[in-house]
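In what follows, a single structure is set out as structure tokens and then discussed.
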Amino acid sequence: MSQLSARDKWLARFGEALADGTFVKLTLASYRGGDTALKNVFARPVDLKEGRRLSFVYRYATRDVTKNFDYEEALELVTDLVGQQFKKAHLFSTRWTSEIEFREGKPARLLEGKPAHAEPPATSHDKPRAHAIVAENSTWLRALGVTTPEGKVARGMEAKFRQINKFVELLDSLLPASAPTDAPLSIVDMGCGKGYLTFAAYEFLQRAERRCEVRGIESRPELVTLCNRVAAESGFEALKFETGTIANAKLDRADVVIALHACDTATDDAIAKGISAGATLILVSPCCHKQLRPQLVAPAPLSAALRHGILLEREAEFVTDALRAALLEWAGYDTKVFEFISTEHTGKNLMITATKRSGPARGEKLEHQVRELASHYGIRRQQLAQHLGFHLTTKPQTA
């Protein structure tokens, strides 16, 4: 199939879904236009006073911009964008999914599969918030103590339940641009603890009818035994837990790597494992930033302020995670750093998401940015940099 015929077929699918009312949503990714801050475009149907429209969310590095178009305008807009400014497009309807990818020097690749949604989405302009994981329906929530035998959220577990759903919402927003459609999605949760988010990810993908293989890695054998028993009782056949550490885990392949609240350099180990395994999506929520604090040299304007221990600790956290994000950019990922869950639930609430770029990695500009940041604070060694073979100074440093 030629690039032109693949594109025409995909656009026909889009027009067909709009015409027969089966359209669910659209994701445009791998942007190659002139606005370097633009990352993705998402579209869904909404009902406004003027009638049914498609609401397009333009996702930039630091903000979202929403624009509404009637169906005719939307079809013209998407025709101009797909294959020109965006090299990937993923269409969801209640009848099928259709994904097209434009590759340099090769014919466009069109992949079509079973629907991931059984019915069209709600079209109210103010989209109602609904829990992705429902307390009453999940047997694993009861088995892990999140809910009572009656299916109500247990006292003291309200924050955990909110965290579970926040995580699933985040995963849902990131997966369309990163998940393959021709193979089971491989997810590895490193340092998974009691497996709350591991179970949540599996249930969510099962309900969305997405083939997946989910693996939890945890150093405490008693938690691994518990989680495997609960997975078996829940009928989650492709969800497995194993005993091990992040540093020793073997990852030959992974589409998504998760590490939430891994202590100190274990976060760096998880990121490095994900990069090495070719993960298209890496999610980490760092904890216990210890490695860089002894190295930190306060820049002159900050020397007086950083004599206070609490401020030095927070600056070390900032520098650590800023370096991680910069190194991920250098390694070929687009990153976002944001608050994952409100500070009223946990003080360790920062999330780094990294989505693999299809374009080039490791440019001189990115390399310079990493070194400049490290030099500014006198940092000579950092765990992720060492894993990646990146020398923070211009010459390799001895141990």
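Numbering starts fresh at 1 for the residues of each chain in the structure tokens, the chains themselves are lettered A, B, ... in the order given, and ligands are numbered from 1 as they appear.
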Neighbouring residues of Tyr333 of chain A were defined as those with any atom within 12 Å, considering only C-alpha atoms; residues of the same chain fewer than 5 positions away were excluded. Please report them as a JSON list (two decimals) with C-alpha atoms, in the first residue's frame.
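Generated output (selection15.json):
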[["chain", "number", "residue", "atom", "x", "y", "z"],
["A", 30, "SER", "CA", 5.29, 12.96, 16.49],
["A", 39, "LYS", "CA", 3.79, 18.18, 21.42],
["A", 178, "SER", "CA", 3.20, 5.25, 22.79],
["A", 271, "ILE", "CA", 15.17, 5.02, 34.24],
["A", 274, "GLY", "CA", 13.74, 1.57, 30.76],
["A", 275, "ILE", "CA", 15.97, 3.34, 28.25],
["A", 278, "GLY", "CA", 13.60, 0.57, 24.54],
["A", 279, "ALA", "CA", 10.61, 1.72, 26.59],
["A", 280, "THR", "CA", 8.38, 4.21, 24.79],
["A", 281, "LEU", "CA", 7.06, 5.54, 28.09],
["A", 282, "ILE", "CA", 8.84, 5.94, 31.44],
["A", 283, "LEU", "CA", 7.03, 7.16, 34.58],
["A", 324, "ARG", "CA", 17.28, 13.35, 35.28],
["A", 325, "ALA", "CA", 14.90, 15.19, 32.96],
["A", 326, "ALA", "CA", 17.79, 16.70, 30.99],
["A", 327, "LEU", "CA", 19.52, 13.34, 30.61],
["A", 328, "LEU", "CA", 16.26, 11.77, 29.42],
["A", 352, "ILE", "CA", 8.63, 12.77, 35.67],
["A", 353, "THR", "CA", 7.11, 11.37, 32.48],
["A", 354, "ALA", "CA", 9.29, 10.55, 29.49],
["A", 355, "THR", "CA", 7.89, 9.69, 26.05],
["A", 356, "LYS", "CA", 10.31, 8.37, 23.47],
["A", 357, "ARG", "CA", 10.86, 10.60, 20.45],
["A", 358, "SER", "CA", 10.97, 9.21, 16.94],
["A", 359, "GLY", "CA", 13.48, 11.90, 15.97],
["A", 360, "PRO", "CA", 17.21, 12.13, 16.72],
["A", 361, "ALA", "CA", 18.65, 11.97, 20.24],
["A", 362, "ARG", "CA", 21.89, 13.07, 21.87],
["A", 366, "LEU", "CA", 21.22, 18.79, 24.70]]
Separation of atom CA of Asp8 of chain A from atom CA of Phe86 of chain A, in Å and rounded to one decimal: 15.1 Å
Residue neighbourhood Ala300 of chain A, 12 Å, only C-alpha atoms, exclusion window fewer than 6 positions, as a list of chain:residue names: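 My list of contacting residues is A:Leu306, A:Arg307, A:His376, A:Tyr377, A:Gly378.
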Write out the residues from the selection above, keeping C-alpha atoms, as a compact mmCIF listing (two decimals), in the first residue's frame.
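Output contents, as saved in result.txt:
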# COMPACT_ATOMS: atom_id res chain seq x y z
CA LEU A 306 21.79 27.30 51.03
CA ARG A 307 23.57 27.36 54.38
CA HIS A 376 26.58 25.24 37.73
CA TYR A 377 26.19 23.20 40.91
CA GLY A 378 29.57 21.48 40.89
DSSP-assigned alpha helix (DSSP H) members of segment 86-298 of chain A, reported as a ChimeraX atom specification: /A:139-143,158-174,196-207,221-233,266-276
